[in-house]
file structure-v1.cif (mmCIF, C-alpha atoms)
data_protein
loop_
_atom_site.label_atom_id
_atom_site.label_comp_id
_atom_site.auth_asym_id
_atom_site.auth_seq_id
_atom_site.Cartn_x
_atom_site.Cartn_y
_atom_site.Cartn_z
CA MET A 1 3.93 -11.58 1.68
CA LYS A 2 1.85 -10.73 4.75
CA ILE A 3 -1.84 -11.55 5.05
CA TYR A 4 -4.42 -9.15 6.47
CA LEU A 5 -8.09 -9.91 7.01
CA ASP A 6 -10.52 -7.52 5.33
CA THR A 7 -13.49 -7.39 7.68
CA ALA A 8 -15.02 -5.72 10.72
CA ASN A 9 -16.64 -8.93 11.95
CA LEU A 10 -15.05 -9.87 15.26
CA ASN A 11 -15.95 -13.55 15.03
CA GLU A 12 -14.24 -13.81 11.65
CA ILE A 13 -11.15 -12.11 13.07
CA ARG A 14 -11.09 -14.44 16.06
CA GLU A 15 -11.32 -17.47 13.78
CA ALA A 16 -8.53 -16.39 11.42
CA ALA A 17 -6.34 -15.19 14.28
CA ARG A 18 -6.35 -18.71 15.71
CA TRP A 19 -4.67 -19.95 12.53
CA GLY A 20 -1.59 -17.87 13.32
CA ILE A 21 -1.32 -16.28 9.86
CA LEU A 22 -2.70 -12.76 10.34
CA SER A 23 -0.41 -9.74 10.36
CA GLY A 24 -3.15 -7.08 10.35
CA VAL A 25 -6.75 -6.13 9.61
CA THR A 26 -8.37 -3.66 7.23
CA THR A 27 -11.79 -2.16 7.75
CA ASN A 28 -13.88 0.38 5.87
CA PRO A 29 -17.25 2.11 6.37
CA SER A 30 -19.06 -0.51 4.26
CA LEU A 31 -17.67 -3.38 6.34
CA LEU A 32 -18.51 -1.62 9.60
CA ALA A 33 -22.03 -0.89 8.38
CA LYS A 34 -22.63 -4.65 8.04
CA GLU A 35 -22.03 -5.11 11.77
CA GLU A 36 -25.34 -3.90 13.14
CA GLY A 37 -25.04 -1.99 16.38
CA ALA A 38 -21.24 -2.14 16.43
CA ASP A 39 -19.45 0.90 17.86
CA PHE A 40 -16.55 2.01 15.66
CA GLN A 41 -14.10 2.77 18.45
CA ASP A 42 -14.96 -0.34 20.47
CA THR A 43 -14.61 -2.50 17.35
CA ILE A 44 -11.16 -1.16 16.51
CA ARG A 45 -9.94 -1.55 20.09
CA THR A 46 -11.26 -5.11 20.25
CA ILE A 47 -9.53 -5.97 16.98
CA ALA A 48 -6.29 -4.58 18.42
CA GLY A 49 -6.59 -7.09 21.24
CA LEU A 50 -7.02 -9.96 18.78
CA VAL A 51 -4.37 -9.16 16.16
CA ASP A 52 -0.97 -7.66 16.92
CA GLY A 53 -0.48 -5.68 13.73
CA PRO A 54 -1.71 -2.71 11.70
CA ILE A 55 -5.45 -2.04 11.76
CA SER A 56 -6.80 0.28 9.08
CA ALA A 57 -9.59 2.62 10.22
CA GLU A 58 -11.04 4.80 7.47
CA ALA A 59 -11.83 8.50 7.71
CA VAL A 60 -15.11 9.59 6.16
CA SER A 61 -14.45 13.33 5.89
CA GLU A 62 -13.96 14.68 2.37
CA ASP A 63 -11.67 17.60 3.28
CA ALA A 64 -8.12 17.44 4.59
CA ASP A 65 -8.89 19.15 7.89
CA GLY A 66 -11.62 16.63 8.62
CA MET A 67 -9.43 13.67 7.69
CA VAL A 68 -6.63 14.95 9.92
CA ARG A 69 -9.04 15.47 12.79
CA GLU A 70 -10.46 11.95 12.42
CA GLY A 71 -6.99 10.49 11.93
CA ARG A 72 -5.68 11.96 15.15
CA GLU A 73 -8.70 10.63 16.99
CA PHE A 74 -8.30 7.11 15.53
CA ALA A 75 -4.57 7.03 16.28
CA ALA A 76 -5.29 7.80 19.93
CA TRP A 77 -7.34 4.62 20.23
CA HIS A 78 -4.37 2.27 19.77
CA PRO A 79 -0.77 2.47 18.47
CA ASN A 80 -1.53 -0.12 15.78
CA VAL A 81 -4.21 2.00 14.09
CA ILE A 82 -3.45 3.04 10.51
CA VAL A 83 -5.55 5.91 9.17
CA LYS A 84 -7.18 5.08 5.87
CA VAL A 85 -7.83 7.92 3.42
CA PRO A 86 -8.82 7.99 -0.27
CA CYS A 87 -6.38 8.90 -3.01
CA THR A 88 -7.53 12.47 -3.57
CA ALA A 89 -5.77 15.81 -3.25
CA ALA A 90 -7.36 16.23 0.17
CA GLY A 91 -6.29 12.71 1.11
CA LEU A 92 -2.68 13.32 0.17
CA GLU A 93 -2.63 16.55 2.17
CA ALA A 94 -3.99 14.66 5.15
CA VAL A 95 -1.30 11.98 4.74
CA ALA A 96 1.48 14.58 4.74
CA ARG A 97 0.11 16.33 7.80
CA LEU A 98 -0.54 13.14 9.73
CA LYS A 99 2.95 11.87 8.96
CA GLU A 100 4.34 14.97 10.68
CA ASP A 101 2.45 13.77 13.76
CA GLY A 102 3.97 10.30 13.44
CA ILE A 103 0.65 8.79 12.30
CA ARG A 104 0.76 6.16 9.57
CA CYS A 105 -1.70 6.17 6.68
CA ASN A 106 -3.16 3.71 4.20
CA VAL A 107 -4.04 5.47 0.94
CA THR A 108 -6.90 3.51 -0.55
CA LEU A 109 -8.82 3.32 -3.83
CA ILE A 110 -5.67 3.23 -5.95
CA PHE A 111 -6.39 2.47 -9.60
CA ASN A 112 -3.27 3.68 -11.44
CA ALA A 113 0.46 3.95 -10.80
CA ASN A 114 0.40 7.75 -10.75
CA GLN A 115 -1.87 7.66 -7.72
CA ALA A 116 0.39 5.17 -5.96
CA LEU A 117 3.52 7.23 -6.64
CA MET A 118 1.98 10.47 -5.38
CA ALA A 119 0.63 8.74 -2.28
CA ALA A 120 4.10 7.34 -1.55
CA LEU A 121 5.71 10.75 -2.02
CA ALA A 122 3.16 12.25 0.36
CA GLY A 123 4.33 9.75 2.98
CA ALA A 124 1.86 6.87 2.87
CA PHE A 125 2.71 3.84 4.98
CA VAL A 126 0.86 1.60 2.51
CA VAL A 127 -0.99 2.10 -0.78
CA SER A 128 -3.96 -0.08 -1.64
CA PRO A 129 -4.50 -0.90 -5.33
CA PHE A 130 -7.95 -2.44 -5.83
CA ILE A 131 -7.16 -5.27 -8.20
CA GLY A 132 -10.56 -6.96 -8.18
CA ARG A 133 -12.37 -3.81 -9.25
CA LEU A 134 -9.92 -3.39 -12.12
CA ASP A 135 -10.57 -6.97 -13.18
CA ASP A 136 -14.29 -6.12 -13.16
CA ILE A 137 -13.71 -3.60 -15.97
CA SER A 138 -11.48 -5.98 -17.94
CA GLN A 139 -8.14 -4.59 -16.74
CA ASP A 140 -5.51 -6.82 -15.16
CA GLY A 141 -5.21 -5.63 -11.58
CA THR A 142 -1.94 -7.45 -11.00
CA ASP A 143 -0.37 -5.49 -13.87
CA LEU A 144 -0.94 -2.39 -11.75
CA ILE A 145 0.81 -3.98 -8.78
CA ARG A 146 3.71 -4.90 -11.05
CA GLU A 147 4.01 -1.29 -12.27
CA ILE A 148 3.88 0.14 -8.75
CA ALA A 149 6.48 -2.34 -7.49
CA ALA A 150 8.84 -1.46 -10.34
CA ILE A 151 8.51 2.27 -9.61
CA PHE A 152 9.06 1.83 -5.87
CA GLU A 153 12.10 -0.39 -6.43
CA GLN A 154 13.79 2.32 -8.51
CA ASP A 155 13.50 4.92 -5.76
CA HIS A 156 15.26 3.80 -2.59
CA ASP A 157 13.78 6.74 -0.67
CA ILE A 158 10.30 5.23 -1.00
CA GLU A 159 9.50 2.94 1.92
CA THR A 160 5.79 2.65 1.17
CA GLN A 161 4.42 -0.90 1.04
CA ILE A 162 1.95 -2.23 -1.52
CA LEU A 163 -1.23 -3.69 -0.06
CA ALA A 164 -3.26 -5.64 -2.62
CA ALA A 165 -6.95 -5.02 -1.94
CA SER A 166 -10.26 -6.03 -3.48
CA ILE A 167 -9.11 -9.64 -3.47
CA ARG A 168 -11.80 -11.82 -5.04
CA HIS A 169 -10.26 -15.31 -5.09
CA PRO A 170 -7.16 -17.19 -3.87
CA ARG A 171 -5.36 -16.79 -7.19
CA HIS A 172 -5.39 -13.03 -6.65
CA VAL A 173 -3.25 -13.56 -3.53
CA ILE A 174 -0.59 -15.56 -5.38
CA GLU A 175 -0.60 -13.25 -8.40
CA SER A 176 -0.22 -10.23 -6.12
CA ALA A 177 2.73 -11.83 -4.32
CA LEU A 178 4.44 -12.66 -7.60
CA ALA A 179 3.81 -9.11 -8.88
CA GLY A 180 5.58 -7.58 -5.87
CA ALA A 181 2.86 -6.77 -3.32
CA HIS A 182 4.01 -6.80 0.30
CA ILE A 183 0.55 -7.50 1.73
CA ALA A 184 -2.78 -8.92 0.60
CA THR A 185 -5.96 -8.15 2.52
CA CYS A 186 -8.63 -10.78 2.02
CA PRO A 187 -12.12 -11.71 3.13
CA LEU A 188 -12.27 -14.80 5.33
CA ARG A 189 -14.07 -16.60 2.50
CA VAL A 190 -11.02 -16.22 0.24
CA LEU A 191 -8.63 -17.41 2.96
CA LYS A 192 -10.75 -20.52 3.48
CA GLN A 193 -10.84 -21.19 -0.26
CA GLY A 194 -7.07 -20.90 -0.43
CA LEU A 195 -6.68 -23.31 2.47
CA THR A 196 -8.65 -26.14 0.88
CA HIS A 197 -7.91 -28.52 -1.98
CA PRO A 198 -9.79 -31.68 -3.00
CA LEU A 199 -6.57 -33.70 -2.99
CA THR A 200 -5.91 -32.64 0.60
CA ASP A 201 -9.41 -33.76 1.59
CA ARG A 202 -8.97 -37.03 -0.32
CA GLY A 203 -5.59 -37.62 1.29
CA ILE A 204 -6.96 -37.12 4.81
CA GLU A 205 -9.87 -39.44 4.05
CA ARG A 206 -7.48 -42.12 2.73
CA PHE A 207 -5.12 -41.86 5.70
CA LEU A 208 -7.97 -42.13 8.20
CA SER A 209 -9.58 -44.99 6.29
CA ASP A 210 -6.33 -46.95 6.26
CA TRP A 211 -5.80 -46.32 9.97
CA ARG A 212 -9.32 -47.45 10.89
CA ALA A 213 -8.90 -50.58 8.77
CA ARG A 214 -5.64 -51.33 10.56
CA GLU A 215 -7.23 -50.85 13.98
CA ALA A 216 -10.18 -53.06 13.04
CA THR A 217 -7.91 -56.01 12.14
CA ARG A 218 -5.76 -55.89 15.25
CA THR A 219 -6.37 -58.62 17.86
CA PRO A 220 -7.26 -57.52 21.41
CA ALA A 221 -3.86 -58.82 22.57
CA ALA A 222 -2.02 -56.85 19.88
CA ALA A 223 -4.04 -53.74 20.64
CA GLY A 224 -3.04 -53.95 24.31
CA ALA A 225 0.62 -54.79 23.70
CA GLY A 226 3.03 -52.23 24.98
CA SER A 227 0.46 -50.60 27.23
CA GLU A 228 2.20 -51.67 30.41
#
call {"tool": "encode", "arguments": {"input": "structure-v1.cif", "output": "structure tokens"}}
result
Amino acid sequence: MKIYLDTANLNEIREAARWGILSGVTTNPSLLAKEEGADFQDTIRTIAGLVDGPISAEAVSEDADGMVREGREFAAWHPNVIVKVPCTAAGLEAVARLKEDGIRCNVTLIFNANQALMAALAGAFVVSPFIGRLDDISQDGTDLIREIAAIFEQDHDIETQILAASIRHPRHVIESALAGAHIATCPLRVLKQGLTHPLTDRGIERFLSDWRAREATRTPAAAGAGSE
């Protein structure tokens, strides 16, 4: 499974990019709105310089013509830009038209397998089931990923990837991978949570404590031995 960062905050992207684990970035209007004074185009281009992988930029038009117009503009900013559109009739039309132009699309706000299948047939590069929001209404979001993966596996003409979105905690990442998702897009907070474990912290503390104790008991002569 590949890991994307779900943010428009450049400092967060820089931090996660240094770890060497990022394969892409997803943004949306809500995330961009949090970055006061940030220019959309400049932000996307800066992200492209930090992460060598797909960057989702979301159209805000509600009609197909508007989405296509925005999509063409976004795609001109950088080859790694993926146009993000909602799973609506207008969105699917935009996906089909943009694919004819060689522009890849991320169909977002997927909440059932029918939506994912139709988005794939329209030519989506990725579909984004929102598993956390399904969990919020007492549905198992990873069951949806499992259904979509089974459908896609049966049709060898479908090349669309499954991008697990609305990730709320590290377990969502693992469950999505096991259910067949190709990608998980996560907030930095979730990545940090998944990176830590109390036994890791305890192990580091023990190793360092033992090393310091060893160094404290060494004689000056022993400490300098082998230095020549």
call {"tool": "resolve_selection", "arguments": {"input": "structure-v1.cif", "expression": "the PyMOL selection byres ((chain A and resi 97-110) around 9)", "output": "ChimeraX atom specification"}}
result
/A:56-58,64,68,71-72,75,79,81-87,91-96,111-116,119-120,122-131,163,165
call {"tool": "atom_distance", "arguments": {"input": "structure-v1.cif", "atom1": "CA of Glu15 in chain A", "atom2": "CA of Ala48 in chain A"}}
result
14.6 Å
call {"tool": "closest_residue", "arguments": {"input": "structure-v1.cif", "among": "A:Ala90, A:Ala38, A:Ile13, A:Ile162", "to": "Ala59 in chain A", "atoms": "only C-alpha atoms"}}
result
A:Ala90
call {"tool": "atom_distance", "arguments": {"input": "structure-v1.cif", "atom1": "CA of Pro29 in chain A", "atom2": "CA of Met67 in chain A"}}
result
14.0 Å
call {"tool": "closest_residue", "arguments": {"input": "structure-v1.cif", "among": "A:Ile204, A:Arg45, A:Thr88, A:Leu195", "to": "Arg171 in chain A", "atoms": "all atoms listed in the file"}}
result
A:Leu195
call {"tool": "residues_near_point", "arguments": {"input": "structure-v1.cif", "point": "(-1.5, -18.3, 13.3)", "cutoff": "12 Å", "atoms": "only C-alpha atoms", "output": "number ranges by chain"}}
result
A: 2-4, 13-24, 50-52
call {"tool": "resolve_selection", "arguments": {"input": "structure-v1.cif", "expression": "the PyMOL selection byres ((chain A and resi 193) around 12)", "output": "PyMOL selection string"}}
result
chain A and resi 168-173+186-192+194-198
call {"tool": "atom_distance", "arguments": {"input": "structure-v1.cif", "atom1": "CA of Gly141 in chain A", "atom2": "CA of Glu35 in chain A"}}
result
28.8 Å
